[in-house]
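File shown: target-v9.cif. Contents: mmCIF, C-alpha atoms.
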data_target
loop_
_atom_site.label_atom_id
_atom_site.label_comp_id
_atom_site.auth_asym_id
_atom_site.auth_seq_id
_atom_site.Cartn_x
_atom_site.Cartn_y
_atom_site.Cartn_z
CA MET C 1 0.00 0.00 0.00
CA LYS C 2 1.94 1.99 -1.19
CA LYS C 3 5.14 3.87 -2.28
CA ALA C 4 7.40 5.58 -4.63
CA VAL C 5 5.53 7.31 -7.44
CA ALA C 6 6.15 4.43 -9.84
CA LEU C 7 4.98 1.90 -7.26
CA LEU C 8 1.90 3.95 -6.50
CA ALA C 9 1.02 4.20 -10.18
CA ALA C 10 1.43 0.50 -10.73
CA PHE C 11 -0.60 -0.24 -7.64
CA THR C 12 -3.60 1.74 -8.80
CA ILE C 13 -3.47 1.94 -12.55
CA VAL C 14 -6.98 0.57 -13.12
CA LEU C 15 -8.65 3.16 -10.94
CA GLY C 16 -8.00 6.11 -13.20
CA GLY C 17 -11.55 6.32 -14.58
CA CYS C 18 -13.44 6.10 -11.28
CA GLY C 19 -15.36 8.91 -9.69
CA GLY C 20 -15.06 12.66 -10.04
CA GLY C 21 -15.67 16.02 -8.45
CA SER C 22 -17.79 19.05 -9.17
CA ASN C 23 -16.37 21.87 -11.24
CA SER C 24 -18.88 24.49 -10.07
CA MET C 25 -16.82 25.86 -7.19
CA LYS C 26 -16.86 29.34 -5.73
CA GLU C 27 -13.42 30.83 -5.28
CA SER C 28 -12.14 31.88 -1.87
CA GLU C 29 -9.85 34.75 -1.08
CA ALA C 30 -6.18 33.98 -1.55
CA ALA C 31 -4.35 32.69 1.52
CA PRO C 32 -2.52 35.24 3.68
CA LYS C 33 1.06 35.78 2.55
CA ASN C 34 2.44 35.47 6.07
CA MET C 35 0.88 32.09 6.82
CA SER C 36 3.60 29.44 7.20
CA ASN C 37 3.37 25.68 7.58
CA GLU C 38 4.06 26.00 11.28
CA THR C 39 1.78 28.89 12.16
CA ARG C 40 -1.42 28.11 10.28
CA ASN C 41 -4.26 27.20 12.60
CA SER C 42 -7.09 26.27 10.28
CA PRO C 43 -6.31 26.43 6.55
CA ARG C 44 -9.84 25.53 5.57
CA LEU C 45 -11.21 28.64 7.27
CA GLU C 46 -8.58 30.93 5.79
CA GLN C 47 -8.31 29.44 2.31
CA ILE C 48 -11.53 27.70 1.43
CA SER C 49 -15.11 28.78 1.01
CA SER C 50 -17.90 26.36 0.26
CA PRO C 51 -20.88 27.53 -1.79
CA GLN C 52 -23.15 24.91 -0.27
CA LYS C 53 -22.06 24.94 3.34
CA LYS C 54 -21.27 28.10 5.25
CA GLN C 55 -18.09 27.70 7.25
CA GLN C 56 -18.32 28.54 10.92
CA ASP C 57 -15.25 30.07 12.55
CA ILE C 58 -15.10 27.82 15.60
CA SER C 59 -11.90 27.23 17.49
CA LYS C 60 -10.93 23.82 18.81
CA ALA C 61 -11.42 25.09 22.35
CA GLU C 62 -15.08 25.72 21.56
CA THR C 63 -15.65 22.36 19.93
CA THR C 64 -16.48 19.16 21.78
CA HIS C 65 -15.62 15.93 20.01
CA GLY C 66 -16.56 12.44 21.08
CA LYS C 67 -13.57 10.27 21.95
CA THR C 68 -14.41 7.18 19.94
CA LYS C 69 -11.74 4.52 20.44
CA ILE C 70 -10.23 3.31 17.18
CA GLU C 71 -7.18 1.56 15.80
CA THR C 72 -4.90 3.40 13.41
CA LEU C 73 -2.39 2.03 10.95
CA GLY C 74 0.36 3.91 9.16
CA PHE C 75 2.14 2.40 6.17
CA LEU C 76 5.89 2.98 6.05
CA GLU C 77 8.29 2.52 3.15
CA PRO C 78 11.67 1.97 4.82
CA LEU C 79 13.74 3.01 1.83
CA GLU C 80 16.43 4.84 3.81
CA ALA C 81 17.17 4.19 7.47
CA LYS C 82 17.56 7.75 8.78
CA GLN C 83 14.47 9.03 7.00
CA SER C 84 12.42 6.00 8.05
CA VAL C 85 13.26 6.56 11.70
CA LYS C 86 12.27 10.21 11.35
CA ASP C 87 8.95 9.23 9.72
CA VAL C 88 8.22 6.79 12.54
CA LYS C 89 9.03 9.29 15.28
CA GLU C 90 6.71 11.89 13.79
CA ALA C 91 3.62 9.65 13.78
CA VAL C 92 4.14 6.63 16.02
CA ASN C 93 2.35 8.05 19.07
CA ASP C 94 -0.83 8.34 16.99
CA LEU C 95 -0.67 4.80 15.61
CA THR C 96 -1.78 1.36 16.73
CA TYR C 97 0.26 -0.31 13.98
CA VAL C 98 3.23 0.72 11.86
CA ALA C 99 3.02 -1.39 8.69
CA PHE C 100 6.32 -2.00 6.88
CA PHE C 101 5.73 -2.06 3.11
CA SER C 102 6.74 -4.57 1.97
CA TYR C 103 8.17 -8.07 2.13
CA GLN C 104 7.91 -9.33 -1.45
CA VAL C 105 7.18 -12.97 -2.21
CA ASN C 106 9.39 -14.86 -4.64
CA LYS C 107 8.02 -17.66 -6.82
CA ASP C 108 9.58 -20.34 -4.61
CA GLY C 109 7.88 -18.89 -1.52
CA SER C 110 10.97 -17.21 -0.11
CA LEU C 111 10.90 -13.54 0.87
CA LYS C 112 12.83 -10.56 -0.44
CA PRO C 113 14.07 -8.75 2.69
CA ILE C 114 13.81 -5.03 3.31
CA LYS C 115 15.99 -2.60 5.26
CA ASP C 116 13.67 -2.31 8.25
CA TYR C 117 16.02 -2.70 11.22
CA ALA C 118 16.40 0.93 12.31
CA ALA C 119 12.74 1.89 11.91
CA LEU C 120 11.62 -1.38 13.47
CA GLU C 121 13.72 -0.73 16.57
CA GLU C 122 12.12 2.72 16.84
CA VAL C 123 8.62 1.22 16.69
CA LYS C 124 9.51 -1.30 19.41
CA LYS C 125 10.30 1.59 21.76
CA SER C 126 6.76 2.91 21.33
CA LYS C 127 3.23 1.77 22.15
CA ALA C 128 2.61 0.89 18.50
CA MET C 129 2.73 -2.64 17.10
CA PRO C 130 5.08 -3.45 14.19
CA MET C 131 3.26 -5.03 11.25
CA MET C 132 4.81 -6.87 8.33
CA VAL C 133 3.20 -6.29 4.92
CA LEU C 134 3.36 -9.25 2.54
CA THR C 135 2.95 -8.56 -1.19
CA ASN C 136 3.17 -10.20 -4.61
CA PHE C 137 5.00 -7.10 -5.82
CA ILE C 138 8.03 -7.53 -8.06
CA ASP C 139 9.88 -5.49 -10.69
CA GLY C 140 7.64 -2.44 -10.35
CA ASN C 141 4.25 -4.14 -10.38
CA PHE C 142 2.00 -6.65 -8.65
CA SER C 143 2.43 -10.10 -10.17
CA PRO C 144 -0.62 -12.32 -10.72
CA GLU C 145 1.77 -15.12 -11.69
CA ILE C 146 3.54 -15.11 -8.33
CA ALA C 147 0.23 -15.11 -6.50
CA HIS C 148 -1.03 -18.01 -8.62
CA THR C 149 2.14 -20.02 -7.98
CA VAL C 150 1.89 -19.53 -4.22
CA PHE C 151 -1.79 -20.52 -4.30
CA THR C 152 -1.25 -23.69 -6.34
CA ASP C 153 2.26 -24.95 -5.54
CA LYS C 154 2.13 -26.70 -2.16
CA THR C 155 5.89 -26.54 -1.74
CA ALA C 156 6.01 -22.79 -2.43
CA SER C 157 3.04 -22.20 -0.13
CA LYS C 158 4.64 -24.18 2.69
CA THR C 159 7.94 -22.35 2.18
CA LEU C 160 6.18 -18.98 2.25
CA ILE C 161 4.28 -19.67 5.45
CA GLY C 162 7.46 -20.89 7.12
CA SER C 163 9.38 -17.85 5.87
CA VAL C 164 6.74 -15.45 7.16
CA ILE C 165 6.59 -17.03 10.62
CA SER C 166 10.37 -17.31 11.04
CA THR C 167 10.99 -13.74 9.80
CA MET C 168 8.31 -12.29 12.05
CA LYS C 169 9.67 -14.13 15.09
CA GLN C 170 13.26 -13.17 14.31
CA LYS C 171 12.51 -9.49 13.74
CA GLY C 172 9.75 -9.02 16.29
CA TYR C 173 6.75 -8.32 14.08
CA LYS C 174 3.45 -8.83 15.91
CA ALA C 175 0.95 -8.47 13.06
CA LEU C 176 0.75 -9.25 9.35
CA ASN C 177 -1.05 -7.54 6.48
CA ILE C 178 -1.48 -9.67 3.35
CA ASP C 179 -1.62 -7.32 0.38
CA PHE C 180 -1.95 -9.47 -2.74
CA GLU C 181 -3.17 -7.45 -5.71
CA HIS C 182 -3.90 -7.78 -9.44
CA ILE C 183 -4.74 -11.44 -8.83
CA LYS C 184 -6.34 -13.37 -11.67
CA GLU C 185 -10.10 -13.24 -11.25
CA LYS C 186 -10.32 -17.02 -11.65
CA ASP C 187 -7.95 -17.38 -8.66
CA ARG C 188 -10.47 -15.94 -6.20
CA GLU C 189 -11.20 -19.27 -4.49
CA LEU C 190 -7.52 -20.20 -4.61
CA TYR C 191 -6.74 -16.98 -2.73
CA ASN C 192 -9.43 -17.79 -0.17
CA GLY C 193 -7.90 -21.24 0.21
CA PHE C 194 -4.46 -19.76 0.78
CA LEU C 195 -5.88 -17.52 3.51
CA GLU C 196 -7.64 -20.52 5.05
CA THR C 197 -4.25 -22.20 5.26
CA ILE C 198 -1.96 -19.39 6.42
CA ILE C 199 -4.16 -17.49 8.87
CA PRO C 200 -4.76 -20.35 11.37
CA GLN C 201 -1.03 -21.07 11.47
CA LEU C 202 -0.25 -17.42 12.20
CA HIS C 203 -2.95 -17.32 14.86
CA LYS C 204 -1.27 -20.27 16.58
CA GLU C 205 1.82 -18.07 16.86
CA GLY C 206 -0.21 -15.24 18.41
CA ILE C 207 0.03 -13.10 15.27
CA LYS C 208 -2.82 -10.81 14.19
CA VAL C 209 -3.64 -11.04 10.48
CA SER C 210 -5.31 -8.50 8.20
CA THR C 211 -5.83 -8.36 4.45
CA ALA C 212 -5.84 -5.42 2.05
CA LEU C 213 -8.95 -5.11 -0.12
CA ALA C 214 -9.40 -3.20 -3.37
CA PRO C 215 -12.32 -0.74 -3.22
CA LYS C 216 -15.51 -2.54 -4.30
CA THR C 217 -19.14 -1.48 -4.16
CA SER C 218 -20.57 -4.94 -4.88
CA ASP C 219 -19.43 -8.53 -5.16
CA GLU C 220 -20.20 -8.37 -8.88
CA GLN C 221 -17.20 -6.14 -9.63
CA LYS C 222 -14.82 -8.17 -11.75
CA GLY C 223 -11.37 -7.83 -13.24
CA PRO C 224 -7.81 -8.10 -11.92
CA TRP C 225 -8.21 -5.24 -9.45
CA HIS C 226 -11.45 -6.29 -7.77
CA GLY C 227 -12.51 -9.76 -8.82
CA ALA C 228 -10.31 -11.98 -6.65
CA HIS C 229 -10.98 -10.04 -3.44
CA ASP C 230 -13.84 -11.78 -1.63
CA TYR C 231 -14.94 -9.25 0.99
CA LYS C 232 -17.21 -11.62 2.91
CA ARG C 233 -14.70 -14.46 3.14
CA HIS C 234 -11.81 -12.18 4.09
CA GLY C 235 -14.00 -10.73 6.84
CA GLU C 236 -14.65 -14.22 8.16
CA LEU C 237 -11.01 -15.34 8.08
CA ALA C 238 -8.94 -12.27 9.03
CA ASP C 239 -8.82 -10.37 12.31
CA PHE C 240 -9.63 -7.28 10.27
CA VAL C 241 -9.44 -5.91 6.74
CA VAL C 242 -7.96 -2.70 5.32
CA LEU C 243 -9.97 -0.99 2.59
CA MET C 244 -7.73 0.72 0.04
CA THR C 245 -10.11 3.64 -0.33
CA TYR C 246 -7.87 6.01 -2.25
CA GLU C 247 -6.38 6.52 -5.73
CA TRP C 248 -9.53 7.46 -7.63
CA GLY C 249 -7.34 10.39 -8.58
CA TRP C 250 -3.97 8.82 -9.37
CA SER C 251 -0.71 9.98 -10.89
CA GLY C 252 -1.37 8.58 -14.36
CA GLY C 253 -5.05 9.40 -14.55
CA PRO C 254 -7.18 12.53 -14.99
CA PRO C 255 -7.07 15.19 -12.25
CA MET C 256 -9.50 14.62 -9.40
CA ALA C 257 -9.61 14.03 -5.65
CA VAL C 258 -7.53 11.08 -4.47
CA ALA C 259 -10.26 9.88 -2.11
CA PRO C 260 -13.61 11.52 -2.96
CA VAL C 261 -15.92 10.97 0.01
CA PRO C 262 -19.01 9.78 -1.93
CA GLN C 263 -16.97 7.04 -3.62
CA VAL C 264 -15.28 6.10 -0.35
CA GLU C 265 -18.66 5.88 1.38
CA LYS C 266 -20.07 3.58 -1.32
CA VAL C 267 -17.20 1.17 -0.64
CA VAL C 268 -17.73 1.39 3.12
CA LYS C 269 -21.47 0.77 2.72
CA TYR C 270 -20.83 -2.38 0.75
CA ALA C 271 -18.08 -3.55 3.10
CA THR C 272 -20.27 -3.16 6.19
CA SER C 273 -23.04 -5.15 4.49
CA VAL C 274 -20.84 -8.28 4.39
CA ILE C 275 -18.17 -7.69 7.07
CA PRO C 276 -18.76 -6.67 10.71
CA SER C 277 -17.95 -2.96 10.99
CA GLU C 278 -15.63 -3.60 13.92
CA LYS C 279 -13.38 -5.57 11.55
CA ILE C 280 -13.04 -2.80 8.94
CA ILE C 281 -10.22 -0.27 8.79
CA MET C 282 -10.76 2.44 6.17
CA GLY C 283 -7.86 3.77 4.12
CA ALA C 284 -7.10 7.50 4.01
CA PRO C 285 -4.45 9.33 1.95
CA LEU C 286 -1.73 11.57 3.36
CA TYR C 287 -0.96 12.99 -0.08
CA GLY C 288 -2.30 14.62 -3.22
CA TYR C 289 -1.14 15.15 -6.81
CA ASP C 290 0.03 18.03 -8.97
CA TRP C 291 -1.09 17.56 -12.59
CA THR C 292 0.18 19.51 -15.60
CA LEU C 293 -2.69 20.69 -17.83
CA PRO C 294 -4.21 19.97 -20.22
CA TYR C 295 -4.41 16.34 -19.10
CA LYS C 296 -4.02 13.75 -21.81
CA LYS C 297 -3.77 10.01 -21.38
CA GLY C 298 -0.12 9.07 -21.59
CA ASN C 299 1.11 12.40 -20.20
CA LYS C 300 3.97 12.51 -17.75
CA PHE C 301 2.70 11.23 -14.41
CA ALA C 302 1.52 13.78 -11.87
CA LYS C 303 3.83 14.60 -9.00
CA ARG C 304 2.82 13.35 -5.58
CA VAL C 305 2.61 16.17 -3.03
CA ALA C 306 2.14 16.18 0.74
CA PRO C 307 -0.71 18.32 2.11
CA ALA C 308 1.75 20.70 3.78
CA GLU C 309 3.69 20.97 0.51
CA ALA C 310 0.49 21.76 -1.41
CA HIS C 311 -0.43 24.37 1.19
CA ASP C 312 2.92 26.12 0.86
CA LEU C 313 2.79 25.93 -2.94
CA ALA C 314 -0.60 27.65 -2.93
CA LEU C 315 0.86 30.44 -0.80
CA LYS C 316 3.94 30.76 -3.01
CA GLU C 317 1.86 30.95 -6.19
CA LYS C 318 -0.80 33.17 -4.57
CA ALA C 319 -3.34 30.61 -5.74
CA THR C 320 -6.99 30.61 -4.75
CA VAL C 321 -7.85 27.35 -3.04
CA LYS C 322 -11.31 26.02 -3.81
CA TYR C 323 -13.32 23.24 -2.19
CA ASP C 324 -15.35 20.63 -4.04
CA ASN C 325 -18.41 19.97 -1.89
CA ASP C 326 -19.19 16.75 -3.71
CA ALA C 327 -15.75 15.17 -3.47
CA GLN C 328 -15.09 16.86 -0.09
CA ALA C 329 -11.59 17.84 -1.16
CA PRO C 330 -9.62 21.05 -1.84
CA PHE C 331 -7.79 21.97 -5.03
CA PHE C 332 -6.15 24.95 -6.72
CA ASN C 333 -4.73 26.02 -10.08
CA TYR C 334 -1.47 27.80 -10.81
CA SER C 335 1.00 28.51 -13.64
CA ASP C 336 4.60 27.35 -13.36
CA ASP C 337 7.70 29.33 -14.39
CA ALA C 338 7.43 27.93 -17.93
CA GLY C 339 3.85 29.20 -18.21
CA LYS C 340 2.29 25.74 -18.00
CA GLU C 341 -1.01 25.41 -16.14
CA HIS C 342 -1.31 23.02 -13.20
CA VAL C 343 -4.06 21.74 -10.93
CA VAL C 344 -3.36 20.34 -7.48
CA TRP C 345 -5.82 18.14 -5.61
CA PHE C 346 -4.80 17.48 -2.02
CA GLU C 347 -6.03 16.88 1.55
CA ASN C 348 -6.63 19.34 4.36
CA GLU C 349 -8.29 19.44 7.77
CA GLN C 350 -11.76 19.68 6.28
CA SER C 351 -11.34 16.72 3.94
CA ALA C 352 -9.76 14.66 6.73
CA GLU C 353 -12.67 15.48 9.01
CA ALA C 354 -15.12 14.32 6.33
CA LYS C 355 -13.41 10.92 6.31
CA ASN C 356 -13.32 10.77 10.11
CA LYS C 357 -17.08 11.21 10.07
CA LEU C 358 -17.42 8.05 7.99
CA VAL C 359 -15.50 6.10 10.63
CA LYS C 360 -17.93 7.32 13.28
CA LYS C 361 -21.05 6.95 11.14
CA TYR C 362 -20.34 3.33 10.27
CA LYS C 363 -18.66 2.47 13.59
CA LEU C 364 -15.53 1.23 11.85
CA ARG C 365 -12.51 -0.27 13.54
CA GLY C 366 -10.33 2.64 12.45
CA LEU C 367 -8.18 4.34 9.83
CA ALA C 368 -5.17 3.29 7.73
CA TYR C 369 -2.90 6.00 6.34
CA TRP C 370 -0.92 5.79 3.15
CA VAL C 371 1.87 6.83 3.54
CA LEU C 372 4.02 8.01 6.47
CA GLY C 373 6.57 10.71 5.66
CA GLU C 374 4.10 13.04 3.92
CA PRO C 375 3.71 16.09 6.24
CA PHE C 376 0.08 16.72 7.21
CA PRO C 377 0.12 18.12 10.78
CA GLU C 378 -3.58 19.06 10.77
CA ASN C 379 -4.54 15.42 10.24
CA TRP C 380 -2.77 14.21 13.36
CA THR C 381 -4.10 17.07 15.49
CA LEU C 382 -7.62 16.33 14.32
CA LEU C 383 -7.17 12.61 14.90
CA ARG C 384 -6.12 13.17 18.53
CA ASP C 385 -8.94 15.65 19.00
CA GLU C 386 -11.67 13.32 17.76
CA PHE C 387 -10.50 9.81 18.69
CA LYS C 388 -8.82 7.81 21.40
CA ILE C 389 -6.11 5.67 19.80
CA ALA C 390 -5.83 2.03 20.85
CA HIS C 391 -2.30 0.85 21.68
CA LYS C 392 -0.69 -2.51 22.35
#
Since I need it in another form, could you write the structure as structure tokens?
Amino acid sequence: MKKAVALLAAFTIVLGGCGGGSNSMKESEAAPKNMSNETRNSPRLEQISSPQKKQQDISKAETTHGKTKIETLGFLEPLEAKQSVKDVKEAVNDLTYVAFFSYQVNKDGSLKPIKDYAALEEVKKSKAMPMMVLTNFIDGNFSPEIAHTVFTDKTASKTLIGSVISTMKQKGYKALNIDFEHIKEKDRELYNGFLETIIPQLHKEGIKVSTALAPKTSDEQKGPWHGAHDYKRHGELADFVVLMTYEWGWSGGPPMAVAPVPQVEKVVKYATSVIPSEKIIMGAPLYGYDWTLPYKKGNKFAKRVAPAEAHDLALKEKATVKYDNDAQAPFFNYSDDAGKEHVVWFENEQSAEAKNKLVKKYKLRGLAYWVLGEPFPENWTLLRDEFKIAHK
């Protein structure tokens, strides 16, 4: 889950045509020139106006939030030790799990190791639980062939289960997320069978197991992205599931919100109809994208931007930030030094709050953030303000 830009694109390439936002937005006043990343209190009040909903200037001291207890999960890509430790330190106190993305499965069932030692030691010092993420990712994409081999070759399957258990014991992982994607649709029952085999063995070792699910709104959705993910059966087998409710707007697709709330809610509605709500963790993005306009299929991929980075870019370019009331997400336009037009869709406090409301409305287990290391201070403040975080 997810990633360098190339990884992120590969992970979500089939989602490019889903969803969309409204283009009939009323412009707000430009953000104050003196507002820095550190000093801003409520960007949505200063930068965004909504034509359908009047914003009320209410301080946090005047607002009472219920302290619903939830679990939170933050995905970490430990690409460089020093940076990974920094990313952990910045978020670990707000997380139930830190999920290390990812241990990749080889065709023979062995695992490709990752450089997780430094960040893992930092997690062990905290109240968060280290989680291994297991994927069929190889050479820049998810491999249906590797998944099929593991599902059908008993020797490879046995080797994989042994490798997972021994690695987790050796390194001190306490939970596992199985993130197999782009599986052949016809392998759906084979995947279920693999889960029926591996999960009980991990439970015997005291290991919690979750699975990652592509965003579906019905069991009839087919194809390599959705078809092999059996929501109901995963809900029966795993301790919990993680809904990958982001990437409607993705780096290789047309500009739009990464996680438009109406589309996210449709997925949650379906998920809660077949899985107990207390076993569902909803995905939420800690990033946005900067697209060069006009968008054409095959263009250079959009640049991934952190919410704080987008905020500062809007200030630098004196851009007017607008809010799409349908998608529940902010965006702005600007021209670069070469005169090319851009549009940036990102996340802010208001869009994060809209997603938090879904967690409360559907009484979900919690939230999973992709990906740590993308500065979004308002998100973590809001999370602490509205929820009580479960710890080990």
| said: Since I can't run it myself right now, could you work out what the PyMOL selection byres ((chain C and resi 69) around 6) selects here and report it as a ChimeraX atom specification? | reply: /C:68,70,387-389
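One finds CA of Gln83 in chain C at 27.1 Å from CA of Asp385 in chain C.
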Dump as JSON lines the rows for residues of range 174-229 of chain C within 10 Å of range 102-120 of chain C: closest atom pair and distance in Å with one decimal, all atoms listed in the file counted, ordered by chain and rising residue number.
{"residue": "C:Asn177", "atom": "CA", "partner": "C:Ser102", "partner_atom": "CA", "distance": 9.5}
{"residue": "C:Ile178", "atom": "CA", "partner": "C:Ser102", "partner_atom": "CA", "distance": 9.8}
{"residue": "C:Asp179", "atom": "CA", "partner": "C:Ser102", "partner_atom": "CA", "distance": 8.9}
{"residue": "C:Phe180", "atom": "CA", "partner": "C:Val105", "partner_atom": "CA", "distance": 9.8}
| task | Enumerate, as a PyMOL selection string, the residues matched when the PyMOL selection byres ((chain C and resi 94) around 9) is run on the file above. | result | chain C and resi 72-73+90-93+95-96+128+380+383-384+389-391
Would you write out those residues with C-alpha atoms, as a short mmCIF file (atom, residue, chain, number, x, y, z; two decimals), in the coordinates of the input?
data_model
loop_
_atom_site.label_atom_id
_atom_site.label_comp_id
_atom_site.auth_asym_id
_atom_site.auth_seq_id
_atom_site.Cartn_x
_atom_site.Cartn_y
_atom_site.Cartn_z
CA THR C 72 -4.90 3.40 13.41
CA LEU C 73 -2.39 2.03 10.95
CA GLU C 90 6.71 11.89 13.79
CA ALA C 91 3.62 9.65 13.78
CA VAL C 92 4.14 6.63 16.02
CA ASN C 93 2.35 8.05 19.07
CA LEU C 95 -0.67 4.80 15.61
CA THR C 96 -1.78 1.36 16.73
CA ALA C 128 2.61 0.89 18.50
CA TRP C 380 -2.77 14.21 13.36
CA LEU C 383 -7.17 12.61 14.90
CA ARG C 384 -6.12 13.17 18.53
CA ILE C 389 -6.11 5.67 19.80
CA ALA C 390 -5.83 2.03 20.85
CA HIS C 391 -2.30 0.85 21.68
#
Counting all atoms listed in the file, which residues in range 194-295 of chain C sit no more than 9 Å from range 162-170 of chain C? For each one, give the nearest pair of atoms and the distance in Å, sorted by chain then residue number, as a Markdown table.
| residue | atom | partner | partner_atom | distance |
| --- | --- | --- | --- | --- |
| C:Gln201 | CA | C:Ile165 | CA | 8.7 |
| C:Leu202 | CA | C:Ile165 | CA | 7.0 |
| C:Glu205 | CA | C:Ile165 | CA | 7.9 |
| C:Ile207 | CA | C:Met168 | CA | 8.9 |
| query | Once the PyMOL selection byres ((chain C and resi 290-307) around 6) has been applied to the shown file, what residues remain in the selection, as a count of residues only? | reply | 17
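The environment of Pro330 in chain C within 10 Å, counting only C-alpha atoms and disregarding residues fewer than 2 places along the same chain, consists of Arg44, Gln47, Ile48, Ser49, Met256, Ala257, Gly288, Val321, Lys322, Tyr323, Asp324, Asn325, Ala327, Gln328, Phe332, Val344, Trp345, Phe346, Glu347, Asn348, Glu349, Gln350 and Ser351 of chain C.
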| query | Looking at only C-alpha atoms, which of C:Leu382, C:Val371, C:Leu190, C:Val133 is the one that sits closest to Val88 in chain C? | reply | C:Val371
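For Gly74 in chain C, the list of residues within 6 Å, based on only C-alpha atoms and with local chain neighbours fewer than 5 positions off taken out, reads Val98, Ala99, Ala368 and Tyr369 of chain C.
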Restrict the selected residues to C-alpha atoms and save them as an mmCIF file, keeping the file's coordinate frame.
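Result written to out.cif:
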data_model
loop_
_atom_site.group_PDB
_atom_site.id
_atom_site.type_symbol
_atom_site.label_atom_id
_atom_site.label_comp_id
_atom_site.auth_asym_id
_atom_site.auth_seq_id
_atom_site.Cartn_x
_atom_site.Cartn_y
_atom_site.Cartn_z
ATOM 1 C CA VAL C 98 3.230 0.720 11.860
ATOM 2 C CA ALA C 99 3.020 -1.390 8.690
ATOM 3 C CA ALA C 368 -5.170 3.290 7.730
ATOM 4 C CA TYR C 369 -2.900 6.000 6.340
#
To test the calculation: enclose all listed atoms of range 109-120 of chain C in a box whose edges run along x, y and z, add 3 Å on each side, then state centre and edge lengths in Å to one decimal, as lines of an AutoDock Vina configuration file.
center_x = 12.1
center_y = -8.5
center_z = 6.0
size_x = 14.5
size_y = 26.8
size_z = 21.0
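Counting from CA of Ala81 in chain C, the distance to CA of His311 in chain C is 27.5 Å.
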| query | Can you list, as JSON, numbers by chain, every protein, DNA or RNA residue that comes within 12 Å of Thr272 in chain C when you count all atoms listed in the file, leaving out same-chain residues fewer than 5 positions away? | reply | {"C": [216, 217, 218, 231, 232, 235, 241, 243, 265, 266, 267, 277, 278, 279, 280, 281, 282, 358, 359, 361, 362, 363, 364, 365]}
| task | Tell me which of C:Pro255, C:Gly206, C:Gly172, C:Pro260 sits closest to Asn333 in chain C, counting only C-alpha atoms. | result | C:Pro255
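Going from CA of Pro276 in chain C over to CA of Ile198 in chain C, you cover 21.5 Å.
Those residues positioned at most 10 Å from (-4.7, -17.1, 7.8) are Ile161, Leu176, Ile178, Asn192, Gly193, Phe194, Leu195, Glu196, Thr197, Ile198, Ile199, Pro200, Gln201, Leu202, His203, Lys204, Ile207, Lys208, Val209, Ser210, Thr211, His234, Leu237, Ala238 and Asp239 of chain C, judged using all atoms listed in the file.
Nearest residue to Tyr191 in chain C, choosing from C:Ser335, C:Asn379, C:Asn356, C:Thr152 and counting only C-alpha atoms: C:Thr152.
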Keeping N, CA, C and O atoms, write range 113-121 of chain C of the structure just shown out as a compact mmCIF listing (two decimals), in the first residue's frame.
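New file decode.txt:
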# COMPACT_ATOMS: atom_id res chain seq x y z
N PRO C 113 14.00 -9.57 1.47
CA PRO C 113 14.07 -8.75 2.69
C PRO C 113 14.09 -7.27 2.41
O PRO C 113 14.37 -6.83 1.28
N ILE C 114 13.76 -6.49 3.42
CA ILE C 114 13.81 -5.03 3.31
C ILE C 114 14.69 -4.47 4.43
O ILE C 114 14.97 -5.16 5.42
N LYS C 115 15.13 -3.24 4.26
CA LYS C 115 15.99 -2.60 5.26
C LYS C 115 15.13 -1.95 6.33
O LYS C 115 14.92 -0.74 6.36
N ASP C 116 14.64 -2.78 7.25
CA ASP C 116 13.67 -2.31 8.25
C ASP C 116 14.23 -2.21 9.65
O ASP C 116 13.52 -1.80 10.57
N TYR C 117 15.49 -2.56 9.86
CA TYR C 117 16.02 -2.70 11.22
C TYR C 117 15.88 -1.42 12.04
O TYR C 117 15.32 -1.43 13.15
N ALA C 118 16.37 -0.31 11.52
CA ALA C 118 16.40 0.93 12.31
C ALA C 118 14.99 1.40 12.66
O ALA C 118 14.69 1.73 13.82
N ALA C 119 14.11 1.44 11.66
CA ALA C 119 12.74 1.89 11.91
C ALA C 119 11.99 0.92 12.81
O ALA C 119 11.18 1.32 13.66
N LEU C 120 12.27 -0.36 12.65
CA LEU C 120 11.62 -1.38 13.47
C LEU C 120 12.00 -1.22 14.94
O LEU C 120 11.15 -1.33 15.84
N GLU C 121 13.27 -0.94 15.20
CA GLU C 121 13.72 -0.73 16.57
C GLU C 121 13.02 0.50 17.18
O GLU C 121 12.70 0.53 18.37
